[in-house]
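*Asks:* Data: data-v8.pdb, PDB, C-alpha atoms.
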ATOM      1  CA  MET A 143       0.152 -55.012 -19.313  1.00  0.00           C
ATOM      2  CA  ASN A 144       3.930 -54.907 -18.893  1.00  0.00           C
ATOM      3  CA  ILE A 145       5.383 -51.948 -17.038  1.00  0.00           C
ATOM      4  CA  ILE A 146       9.105 -51.278 -17.176  1.00  0.00           C
ATOM      5  CA  LEU A 147      10.798 -49.155 -14.535  1.00  0.00           C
ATOM      6  CA  ILE A 148      14.088 -47.658 -15.693  1.00  0.00           C
ATOM      7  CA  ALA A 149      16.535 -46.333 -13.114  1.00  0.00           C
ATOM      8  CA  GLY A 150      19.790 -44.515 -13.778  1.00  0.00           C
ATOM      9  CA  GLY A 151      22.194 -47.453 -13.827  1.00  0.00           C
ATOM     10  CA  PRO A 152      24.990 -47.769 -16.409  1.00  0.00           C
ATOM     11  CA  ALA A 153      23.653 -47.706 -19.977  1.00  0.00           C
ATOM     12  CA  GLY A 154      25.681 -50.824 -20.812  1.00  0.00           C
ATOM     13  CA  GLU A 155      23.633 -52.963 -18.429  1.00  0.00           C
ATOM     14  CA  LEU A 156      20.229 -52.062 -19.843  1.00  0.00           C
ATOM     15  CA  PRO A 157      18.239 -54.702 -21.765  1.00  0.00           C
ATOM     16  CA  ASP A 158      17.138 -54.306 -25.364  1.00  0.00           C
ATOM     17  CA  PHE A 159      13.980 -52.184 -25.137  1.00  0.00           C
ATOM     18  CA  SER A 160      12.767 -53.442 -28.520  1.00  0.00           C
ATOM     19  CA  PHE A 161      11.743 -56.700 -26.812  1.00  0.00           C
ATOM     20  CA  PHE A 162       8.901 -54.806 -25.115  1.00  0.00           C
ATOM     21  CA  PRO A 163       7.090 -52.835 -27.853  1.00  0.00           C
ATOM     22  CA  GLU A 164       3.772 -52.720 -25.974  1.00  0.00           C
ATOM     23  CA  ALA A 165       5.182 -51.861 -22.551  1.00  0.00           C
ATOM     24  CA  LEU A 166       4.476 -48.797 -20.472  1.00  0.00           C
ATOM     25  CA  TYR A 167       7.655 -47.093 -19.230  1.00  0.00           C
ATOM     26  CA  ILE A 168       8.180 -45.247 -15.961  1.00  0.00           C
ATOM     27  CA  GLY A 169      11.399 -43.341 -15.318  1.00  0.00           C
ATOM     28  CA  ILE A 170      13.050 -43.484 -11.921  1.00  0.00           C
ATOM     29  CA  ASP A 171      15.073 -40.329 -11.309  1.00  0.00           C
ATOM     30  CA  SER A 172      17.853 -40.095 -13.941  1.00  0.00           C
ATOM     31  CA  GLY A 173      16.436 -43.171 -15.678  1.00  0.00           C
ATOM     32  CA  THR A 174      13.833 -40.791 -17.092  1.00  0.00           C
ATOM     33  CA  LEU A 175      16.590 -39.048 -19.035  1.00  0.00           C
ATOM     34  CA  VAL A 176      17.771 -42.420 -20.406  1.00  0.00           C
ATOM     35  CA  LEU A 177      14.304 -43.071 -21.802  1.00  0.00           C
ATOM     36  CA  LEU A 178      14.059 -39.638 -23.412  1.00  0.00           C
ATOM     37  CA  GLU A 179      17.499 -40.039 -24.997  1.00  0.00           C
ATOM     38  CA  LYS A 180      16.312 -43.317 -26.541  1.00  0.00           C
ATOM     39  CA  GLY A 181      13.210 -41.647 -27.941  1.00  0.00           C
ATOM     40  CA  ILE A 182      10.851 -43.305 -25.480  1.00  0.00           C
ATOM     41  CA  GLN A 183       8.176 -41.117 -23.897  1.00  0.00           C
ATOM     42  CA  PRO A 184       7.697 -42.273 -20.305  1.00  0.00           C
ATOM     43  CA  ALA A 185       4.155 -42.523 -18.994  1.00  0.00           C
ATOM     44  CA  ALA A 186       5.388 -41.096 -15.701  1.00  0.00           C
ATOM     45  CA  ALA A 187       8.524 -40.325 -13.725  1.00  0.00           C
ATOM     46  CA  VAL A 188       9.287 -40.406 -10.021  1.00  0.00           C
ATOM     47  CA  GLY A 189      12.153 -39.363  -7.783  1.00  0.00           C
ATOM     48  CA  ASP A 190      13.916 -36.421  -6.239  1.00  0.00           C
ATOM     49  CA  PHE A 191      16.099 -35.993  -9.364  1.00  0.00           C
ATOM     50  CA  ASP A 192      19.132 -35.062  -7.306  1.00  0.00           C
ATOM     51  CA  SER A 193      21.331 -37.078  -9.695  1.00  0.00           C
ATOM     52  CA  VAL A 194      20.597 -34.959 -12.787  1.00  0.00           C
ATOM     53  CA  THR A 195      21.852 -31.510 -13.764  1.00  0.00           C
ATOM     54  CA  PHE A 196      19.614 -28.457 -13.819  1.00  0.00           C
ATOM     55  CA  GLU A 197      19.577 -28.535 -17.626  1.00  0.00           C
ATOM     56  CA  ASP A 198      18.681 -32.216 -17.712  1.00  0.00           C
ATOM     57  CA  TYR A 199      15.890 -31.656 -15.216  1.00  0.00           C
ATOM     58  CA  LYS A 200      14.489 -28.961 -17.507  1.00  0.00           C
ATOM     59  CA  LYS A 201      14.398 -31.529 -20.329  1.00  0.00           C
ATOM     60  CA  ILE A 202      12.529 -33.945 -18.096  1.00  0.00           C
ATOM     61  CA  ARG A 203      10.024 -31.280 -17.040  1.00  0.00           C
ATOM     62  CA  ALA A 204       9.466 -30.304 -20.667  1.00  0.00           C
ATOM     63  CA  ALA A 205       8.564 -33.927 -21.496  1.00  0.00           C
ATOM     64  CA  LEU A 206       6.503 -34.400 -18.326  1.00  0.00           C
ATOM     65  CA  PRO A 207       5.084 -30.990 -17.343  1.00  0.00           C
ATOM     66  CA  GLU A 208       2.897 -32.478 -14.591  1.00  0.00           C
ATOM     67  CA  LEU A 209       5.891 -34.081 -12.872  1.00  0.00           C
ATOM     68  CA  GLU A 210       5.898 -33.820  -9.081  1.00  0.00           C
ATOM     69  CA  ARG A 211       9.409 -33.826  -7.671  1.00  0.00           C
ATOM     70  CA  SER A 212       9.840 -35.817  -4.450  1.00  0.00           C
ATOM     71  CA  PRO A 213      11.779 -34.376  -1.496  1.00  0.00           C
ATOM     72  CA  SER A 214      15.359 -35.582  -1.118  1.00  0.00           C
ATOM     73  CA  GLU A 215      14.749 -36.674   2.477  1.00  0.00           C
ATOM     74  CA  LYS A 216      11.963 -39.251   2.502  1.00  0.00           C
ATOM     75  CA  ASP A 217      11.158 -42.654   3.950  1.00  0.00           C
ATOM     76  CA  GLN A 218      10.722 -44.381   0.583  1.00  0.00           C
ATOM     77  CA  SER A 219      13.393 -44.927  -2.037  1.00  0.00           C
ATOM     78  CA  ASP A 220      12.853 -43.730  -5.588  1.00  0.00           C
ATOM     79  CA  THR A 221      12.414 -47.364  -6.655  1.00  0.00           C
ATOM     80  CA  GLU A 222       9.592 -47.814  -4.145  1.00  0.00           C
ATOM     81  CA  LEU A 223       7.894 -44.722  -5.529  1.00  0.00           C
ATOM     82  CA  GLY A 224       8.224 -46.221  -9.014  1.00  0.00           C
ATOM     83  CA  LEU A 225       6.694 -49.508  -7.904  1.00  0.00           C
ATOM     84  CA  GLU A 226       3.790 -47.676  -6.268  1.00  0.00           C
ATOM     85  CA  ARG A 227       3.121 -45.836  -9.500  1.00  0.00           C
ATOM     86  CA  ALA A 228       3.416 -49.052 -11.527  1.00  0.00           C
ATOM     87  CA  MET A 229       0.840 -50.880  -9.405  1.00  0.00           C
ATOM     88  CA  SER A 230      -1.758 -48.190 -10.073  1.00  0.00           C
ATOM     89  CA  HIS A 231      -1.974 -49.677 -13.593  1.00  0.00           C
ATOM     90  CA  GLN A 232      -2.703 -53.214 -12.312  1.00  0.00           C
ATOM     91  CA  PRO A 233       0.100 -54.749 -14.417  1.00  0.00           C
ATOM     92  CA  VAL A 234       0.604 -58.401 -15.240  1.00  0.00           C
ATOM     93  CA  GLN A 235       4.387 -57.934 -15.079  1.00  0.00           C
ATOM     94  CA  VAL A 236       6.700 -55.273 -13.682  1.00  0.00           C
ATOM     95  CA  ILE A 237      10.289 -55.210 -14.935  1.00  0.00           C
ATOM     96  CA  LEU A 238      12.982 -53.267 -13.096  1.00  0.00           C
ATOM     97  CA  ALA A 239      16.069 -52.251 -15.090  1.00  0.00           C
ATOM     98  CA  GLY A 240      19.002 -49.955 -14.498  1.00  0.00           C
ATOM     99  CA  VAL A 241      19.216 -50.992 -10.850  1.00  0.00           C
ATOM    100  CA  THR A 242      22.104 -53.508 -10.752  1.00  0.00           C
ATOM    101  CA  GLY A 243      25.120 -51.304 -11.542  1.00  0.00           C
ATOM    102  CA  GLY A 244      27.007 -49.081  -9.131  1.00  0.00           C
ATOM    103  CA  ARG A 245      26.341 -49.249  -5.397  1.00  0.00           C
ATOM    104  CA  LEU A 246      25.681 -52.724  -4.005  1.00  0.00           C
ATOM    105  CA  ASP A 247      23.568 -51.356  -1.157  1.00  0.00           C
ATOM    106  CA  HIS A 248      21.144 -49.952  -3.727  1.00  0.00           C
ATOM    107  CA  TYR A 249      21.036 -53.309  -5.516  1.00  0.00           C
ATOM    108  CA  MET A 250      20.333 -55.170  -2.269  1.00  0.00           C
ATOM    109  CA  SER A 251      17.610 -52.667  -1.398  1.00  0.00           C
ATOM    110  CA  VAL A 252      15.937 -53.281  -4.756  1.00  0.00           C
ATOM    111  CA  LEU A 253      15.958 -57.058  -4.175  1.00  0.00           C
ATOM    112  CA  HIS A 254      14.257 -56.626  -0.807  1.00  0.00           C
ATOM    113  CA  ILE A 255      11.702 -54.162  -2.161  1.00  0.00           C
ATOM    114  CA  MET A 256      10.993 -56.501  -5.062  1.00  0.00           C
ATOM    115  CA  TYR A 257      10.481 -59.405  -2.641  1.00  0.00           C
ATOM    116  CA  GLN A 258       8.105 -57.320  -0.543  1.00  0.00           C
ATOM    117  CA  TYR A 259       6.024 -56.366  -3.563  1.00  0.00           C
ATOM    118  CA  GLN A 260       5.959 -59.935  -4.871  1.00  0.00           C
ATOM    119  CA  GLN A 261       4.423 -61.010  -1.555  1.00  0.00           C
ATOM    120  CA  LYS A 262       1.940 -58.134  -1.538  1.00  0.00           C
ATOM    121  CA  PHE A 263       0.882 -58.563  -5.182  1.00  0.00           C
ATOM    122  CA  PRO A 264       1.169 -62.291  -5.998  1.00  0.00           C
ATOM    123  CA  ALA A 265      -0.832 -61.949  -9.226  1.00  0.00           C
ATOM    124  CA  THR A 266       1.862 -59.691 -10.693  1.00  0.00           C
ATOM    125  CA  GLN A 267       5.264 -61.036 -11.691  1.00  0.00           C
ATOM    126  CA  PHE A 268       8.179 -58.820 -10.680  1.00  0.00           C
ATOM    127  CA  VAL A 269      11.407 -59.203 -12.656  1.00  0.00           C
ATOM    128  CA  LEU A 270      14.811 -57.592 -12.286  1.00  0.00           C
ATOM    129  CA  LEU A 271      16.466 -57.444 -15.709  1.00  0.00           C
ATOM    130  CA  ASN A 272      19.752 -56.366 -17.253  1.00  0.00           C
ATOM    131  CA  ASN A 273      21.586 -57.403 -20.408  1.00  0.00           C
ATOM    132  CA  GLN A 274      23.061 -60.510 -18.728  1.00  0.00           C
ATOM    133  CA  ASN A 275      20.590 -61.538 -16.063  1.00  0.00           C
ATOM    134  CA  ARG A 276      16.908 -62.032 -15.308  1.00  0.00           C
ATOM    135  CA  ILE A 277      15.930 -62.407 -11.651  1.00  0.00           C
ATOM    136  CA  ARG A 278      12.538 -63.278 -10.198  1.00  0.00           C
ATOM    137  CA  PHE A 279      11.006 -64.774  -7.073  1.00  0.00           C
ATOM    138  CA  LEU A 280       9.218 -68.110  -7.095  1.00  0.00           C
ATOM    139  CA  SER A 281       6.581 -68.742  -4.446  1.00  0.00           C
ATOM    140  CA  PRO A 282       5.384 -72.195  -3.307  1.00  0.00           C
ATOM    141  CA  GLY A 283       3.736 -74.137  -6.108  1.00  0.00           C
ATOM    142  CA  THR A 284       4.699 -75.377  -9.577  1.00  0.00           C
ATOM    143  CA  HIS A 285       6.058 -72.936 -12.159  1.00  0.00           C
ATOM    144  CA  ALA A 286       6.394 -73.739 -15.862  1.00  0.00           C
ATOM    145  CA  VAL A 287       9.673 -72.465 -17.353  1.00  0.00           C
ATOM    146  CA  GLU A 288      11.010 -72.302 -20.898  1.00  0.00           C
ATOM    147  CA  LYS A 289      14.565 -72.381 -22.165  1.00  0.00           C
ATOM    148  CA  ASP A 290      15.714 -68.924 -23.256  1.00  0.00           C
ATOM    149  CA  GLN A 291      18.679 -68.906 -25.631  1.00  0.00           C
ATOM    150  CA  HIS A 292      19.919 -65.633 -24.167  1.00  0.00           C
ATOM    151  CA  PHE A 293      20.006 -66.945 -20.589  1.00  0.00           C
ATOM    152  CA  SER A 294      21.879 -70.253 -20.629  1.00  0.00           C
ATOM    153  CA  TYR A 295      22.315 -70.777 -16.880  1.00  0.00           C
ATOM    154  CA  VAL A 296      19.706 -71.017 -14.146  1.00  0.00           C
ATOM    155  CA  SER A 297      20.495 -70.777 -10.438  1.00  0.00           C
ATOM    156  CA  PHE A 298      18.351 -71.044  -7.323  1.00  0.00           C
ATOM    157  CA  TYR A 299      18.840 -69.378  -3.937  1.00  0.00           C
ATOM    158  CA  PRO A 300      16.654 -69.284  -0.823  1.00  0.00           C
ATOM    159  CA  PHE A 301      15.455 -65.806   0.107  1.00  0.00           C
ATOM    160  CA  ALA A 302      14.221 -64.811   3.570  1.00  0.00           C
ATOM    161  CA  GLU A 303      13.852 -68.457   4.590  1.00  0.00           C
ATOM    162  CA  GLU A 304      15.006 -71.969   3.728  1.00  0.00           C
ATOM    163  CA  VAL A 305      13.387 -73.470   0.632  1.00  0.00           C
ATOM    164  CA  LYS A 306      11.973 -76.978   0.999  1.00  0.00           C
ATOM    165  CA  GLY A 307      10.694 -79.462  -1.549  1.00  0.00           C
ATOM    166  CA  LEU A 308      12.541 -78.094  -4.573  1.00  0.00           C
ATOM    167  CA  THR A 309      11.930 -80.242  -7.647  1.00  0.00           C
ATOM    168  CA  LEU A 310      13.463 -79.375 -11.015  1.00  0.00           C
ATOM    169  CA  SER A 311      12.102 -81.135 -14.113  1.00  0.00           C
ATOM    170  CA  GLY A 312      13.425 -80.649 -17.636  1.00  0.00           C
ATOM    171  CA  PHE A 313      16.822 -79.481 -16.430  1.00  0.00           C
ATOM    172  CA  LYS A 314      20.285 -80.833 -17.173  1.00  0.00           C
ATOM    173  CA  TYR A 315      20.616 -81.598 -13.454  1.00  0.00           C
ATOM    174  CA  PRO A 316      17.123 -82.578 -12.228  1.00  0.00           C
ATOM    175  CA  VAL A 317      16.408 -82.808  -8.515  1.00  0.00           C
ATOM    176  CA  THR A 318      13.437 -84.106  -6.544  1.00  0.00           C
ATOM    177  CA  ASN A 319      12.109 -82.831  -3.228  1.00  0.00           C
ATOM    178  CA  GLU A 320      15.364 -81.174  -2.163  1.00  0.00           C
ATOM    179  CA  THR A 321      15.988 -78.661   0.615  1.00  0.00           C
ATOM    180  CA  VAL A 322      17.888 -75.482  -0.318  1.00  0.00           C
ATOM    181  CA  PRO A 323      19.689 -74.234   2.807  1.00  0.00           C
ATOM    182  CA  PHE A 324      21.371 -70.887   3.153  1.00  0.00           C
ATOM    183  CA  GLY A 325      24.985 -70.878   2.003  1.00  0.00           C
ATOM    184  CA  THR A 326      24.767 -73.746  -0.478  1.00  0.00           C
ATOM    185  CA  THR A 327      26.175 -73.505  -4.017  1.00  0.00           C
ATOM    186  CA  ARG A 328      24.712 -76.814  -5.126  1.00  0.00           C
ATOM    187  CA  PHE A 329      21.857 -75.233  -7.106  1.00  0.00           C
ATOM    188  CA  VAL A 330      23.971 -72.801  -9.128  1.00  0.00           C
ATOM    189  CA  SER A 331      24.475 -72.873 -12.933  1.00  0.00           C
ATOM    190  CA  ASN A 332      21.930 -75.475 -13.934  1.00  0.00           C
ATOM    191  CA  GLU A 333      20.596 -75.506 -17.508  1.00  0.00           C
ATOM    192  CA  LEU A 334      17.118 -75.891 -18.961  1.00  0.00           C
ATOM    193  CA  LEU A 335      16.846 -78.453 -21.768  1.00  0.00           C
ATOM    194  CA  GLY A 336      13.620 -77.026 -23.205  1.00  0.00           C
ATOM    195  CA  HIS A 337      10.278 -77.109 -21.421  1.00  0.00           C
ATOM    196  CA  GLY A 338      10.634 -77.546 -17.677  1.00  0.00           C
ATOM    197  CA  SER A 339       9.073 -76.888 -14.312  1.00  0.00           C
ATOM    198  CA  VAL A 340      10.151 -75.744 -10.864  1.00  0.00           C
ATOM    199  CA  THR A 341       8.186 -76.921  -7.835  1.00  0.00           C
ATOM    200  CA  ILE A 342       8.576 -75.532  -4.314  1.00  0.00           C
ATOM    201  CA  HIS A 343       6.752 -76.814  -1.233  1.00  0.00           C
ATOM    202  CA  SER A 344       7.661 -73.991   1.153  1.00  0.00           C
ATOM    203  CA  GLY A 345       9.792 -70.870   1.262  1.00  0.00           C
ATOM    204  CA  HIS A 346      10.554 -68.330  -1.439  1.00  0.00           C
ATOM    205  CA  CYS A 347      13.195 -68.990  -4.037  1.00  0.00           C
ATOM    206  CA  LEU A 348      15.251 -66.501  -6.007  1.00  0.00           C
ATOM    207  CA  MET A 349      15.622 -67.766  -9.581  1.00  0.00           C
ATOM    208  CA  VAL A 350      18.520 -66.191 -11.502  1.00  0.00           C
ATOM    209  CA  GLU A 351      18.866 -66.765 -15.247  1.00  0.00           C
ATOM    210  CA  SER A 352      22.232 -65.628 -16.621  1.00  0.00           C
ATOM    211  CA  SER A 353      24.453 -65.505 -19.672  1.00  0.00           C
ATOM    212  CA  ASP A 354      28.240 -65.212 -19.942  1.00  0.00           C
ATOM    213  CA  VAL A 355      28.014 -62.314 -22.417  1.00  0.00           C
TER     214      VAL A 355
END
Can the structure from this file be put into structure tokens for me?

*Replies:*
Amino acid sequence: MNIILIAGGPAGELPDFSFFPEALYIGIDSGTLVLLEKGIQPAAAVGDFDSVTFEDYKKIRAALPELERSPSEKDQSDTELGLERAMSHQPVQVILAGVTGGRLDHYMSVLHIMYQYQQKFPATQFVLLNNQNRIRFLSPGTHAVEKDQHFSYVSFYPFAEEVKGLTLSGFKYPVTNETVPFGTTRFVSNELLGHGSVTIHSGHCLMVESSDV
């Protein structure tokens, strides 16, 4: 099962929802309103809803009468609450959208939360997605990858620790058993030729697939 979490980021950054016809949607705060405006009935919604008007909150409550509003002052972010709810469905993949626009501190928080959940639930793939980028974490091992016409460029960054033993096969710029230190730009803007693989011996790698438009 695919579960898509929609937060209240700019509408222009959201992916095309038609790519996920069988997905289960969960609204995060004002992202719930985005789903309703697109005619999508969310399976659930989480958050304190401090970013929506009273009238908009009434619309959300009408669609989700069993909604439990979270307190504004809490230890967990709304995104964490959304991830907790998503994992109750034992998903194969969790996609986070509407989280990359606006405040950079929120975006960085989402990356760290996503990393934490990827470590805690290795059988589930966590993906951050907008209309120009797809971001995921790769753990040690070999990962099969396919060229996606929408995402022409593929970049690799170490996250939390140095990545060792990076091998890229099927790429325009293949590498074998390389170390990816912090601060390097050497592994940015590569391109998949078709079928490929990414192998990592140790560390956790952030893989960013991007398009120019």

*Asks:* Where does segment 153-226 of chain A meet segment 237-261 of chain A within 7 Å, residue by residue, with the nearest atom pair and distance in Å to one decimal for each, counting all atoms listed in the file, listed by chain and rising number, as CSV?

*Replies:*
residue,atom,partner,partner_atom,distance
A:Glu155,CA,A:Gly240,CA,6.8
A:Leu156,CA,A:Gly240,CA,5.9
A:Glu222,CA,A:Ile255,CA,7.0

*Asks:* Using C-alpha atoms, can you write the selected residues to a file as a PDB file, in the frame of the given file?

*Replies:*
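Just written: result-v8.pdb:
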ATOM      1  CA  GLU A 155      23.633 -52.963 -18.429  1.00  0.00           C
ATOM      2  CA  LEU A 156      20.229 -52.062 -19.843  1.00  0.00           C
ATOM      3  CA  GLU A 222       9.592 -47.814  -4.145  1.00  0.00           C
TER       4      GLU A 222
END

*Asks:* State, in Å with one decimal place, the distance from atom CA of Val317 of chain A to atom CA of Glu333 of chain A.

*Replies:* 12.3 Å

*Asks:* Go ahead and compute the interatomic distance for atom CA of Ile148 of chain A and atom CA of Pro207 of chain A, in Å to one decimal.

*Replies:* 19.0 Å

*Asks:* Would you mind reading off the distance between atom CA of Ala286 of chain A and atom CA of Leu335 of chain A, one decimal, in Å?

*Replies:* 12.9 Å

*Asks:* Considering only C-alpha atoms, give me a table of residues in segment 204-321 of chain A that are at most 12 Å from segment 191-197 of chain A, with the closest atom pair and distance in Å for each, as JSON lines.

*Replies:*
{"residue": "A:Ala204", "atom": "CA", "partner": "A:Glu197", "partner_atom": "CA", "distance": 10.7}
{"residue": "A:Leu209", "atom": "CA", "partner": "A:Phe191", "partner_atom": "CA", "distance": 11.0}
{"residue": "A:Glu210", "atom": "CA", "partner": "A:Phe191", "partner_atom": "CA", "distance": 10.4}
{"residue": "A:Arg211", "atom": "CA", "partner": "A:Phe191", "partner_atom": "CA", "distance": 7.2}
{"residue": "A:Ser212", "atom": "CA", "partner": "A:Phe191", "partner_atom": "CA", "distance": 8.0}
{"residue": "A:Pro213", "atom": "CA", "partner": "A:Phe191", "partner_atom": "CA", "distance": 9.1}
{"residue": "A:Ser214", "atom": "CA", "partner": "A:Asp192", "partner_atom": "CA", "distance": 7.3}
{"residue": "A:Glu215", "atom": "CA", "partner": "A:Asp192", "partner_atom": "CA", "distance": 10.8}
{"residue": "A:Ser219", "atom": "CA", "partner": "A:Phe191", "partner_atom": "CA", "distance": 11.9}
{"residue": "A:Asp220", "atom": "CA", "partner": "A:Phe191", "partner_atom": "CA", "distance": 9.2}

*Asks:* Limited to C-alpha atoms, could you put the picked residues into a file as a PDB file, in the coordinates of the input?

*Replies:*
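After the write, out24.pdb holds the following:
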ATOM      1  CA  ALA A 204       9.466 -30.304 -20.667  1.00  0.00           C
ATOM      2  CA  LEU A 209       5.891 -34.081 -12.872  1.00  0.00           C
ATOM      3  CA  GLU A 210       5.898 -33.820  -9.081  1.00  0.00           C
ATOM      4  CA  ARG A 211       9.409 -33.826  -7.671  1.00  0.00           C
ATOM      5  CA  SER A 212       9.840 -35.817  -4.450  1.00  0.00           C
ATOM      6  CA  PRO A 213      11.779 -34.376  -1.496  1.00  0.00           C
ATOM      7  CA  SER A 214      15.359 -35.582  -1.118  1.00  0.00           C
ATOM      8  CA  GLU A 215      14.749 -36.674   2.477  1.00  0.00           C
ATOM      9  CA  SER A 219      13.393 -44.927  -2.037  1.00  0.00           C
ATOM     10  CA  ASP A 220      12.853 -43.730  -5.588  1.00  0.00           C
TER      11      ASP A 220
END

*Asks:* Spell out the residues picked by the PyMOL selection byres ((chain A and resi 224) around 10) here, as a list of chain:residue names.

*Replies:*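 The output of the PyMOL selection byres ((chain A and resi 224) around 10) on this file is A:Ile146, A:Leu147, A:Ile148, A:Ala149, A:Ile168, A:Gly169, A:Ile170, A:Asp171, A:Ala186, A:Ala187, A:Val188, A:Gly189, A:Ser219, A:Asp220, A:Thr221, A:Glu222, A:Leu223, A:Leu225, A:Glu226, A:Arg227, A:Ala228, A:Met229, A:Leu238.
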
*Asks:* I want to know what sits within 12 Å of Asp158 of chain A, based on all atoms listed in the file, with residues of the same chain fewer than 3 positions away left out; could you give that as a PyMOL selection string?

*Replies:* chain A and resi 146+153-155+161-163+180+239-240+271-274+292

*Asks:* Restricted to C-alpha atoms, what would the selected residues look like written as a short mmCIF file (atom, residue, chain, number, x, y, z; two decimals), in the frame of the given file?

*Replies:*
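Below is the file that was written, out-v3.cif:
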data_model
loop_
_atom_site.label_atom_id
_atom_site.label_comp_id
_atom_site.auth_asym_id
_atom_site.auth_seq_id
_atom_site.Cartn_x
_atom_site.Cartn_y
_atom_site.Cartn_z
CA ILE A 146 9.10 -51.28 -17.18
CA ALA A 153 23.65 -47.71 -19.98
CA GLY A 154 25.68 -50.82 -20.81
CA GLU A 155 23.63 -52.96 -18.43
CA PHE A 161 11.74 -56.70 -26.81
CA PHE A 162 8.90 -54.81 -25.12
CA PRO A 163 7.09 -52.84 -27.85
CA LYS A 180 16.31 -43.32 -26.54
CA ALA A 239 16.07 -52.25 -15.09
CA GLY A 240 19.00 -49.96 -14.50
CA LEU A 271 16.47 -57.44 -15.71
CA ASN A 272 19.75 -56.37 -17.25
CA ASN A 273 21.59 -57.40 -20.41
CA GLN A 274 23.06 -60.51 -18.73
CA HIS A 292 19.92 -65.63 -24.17
#

*Asks:* Here's the selection I'm unsure about, the PyMOL selection byres ((chain A and resi 306-309) around 10); applied to the file above, which residues does it give, as number ranges by chain?

*Replies:* A: 282-284, 298, 300, 303-305, 310-311, 316-323, 339-347

*Asks:* Any chance you could resolve the PyMOL selection byres ((chain A and resi 279) around 6) against this file and give the residues as a ChimeraX atom specification?

*Replies:* /A:278,280,347-348
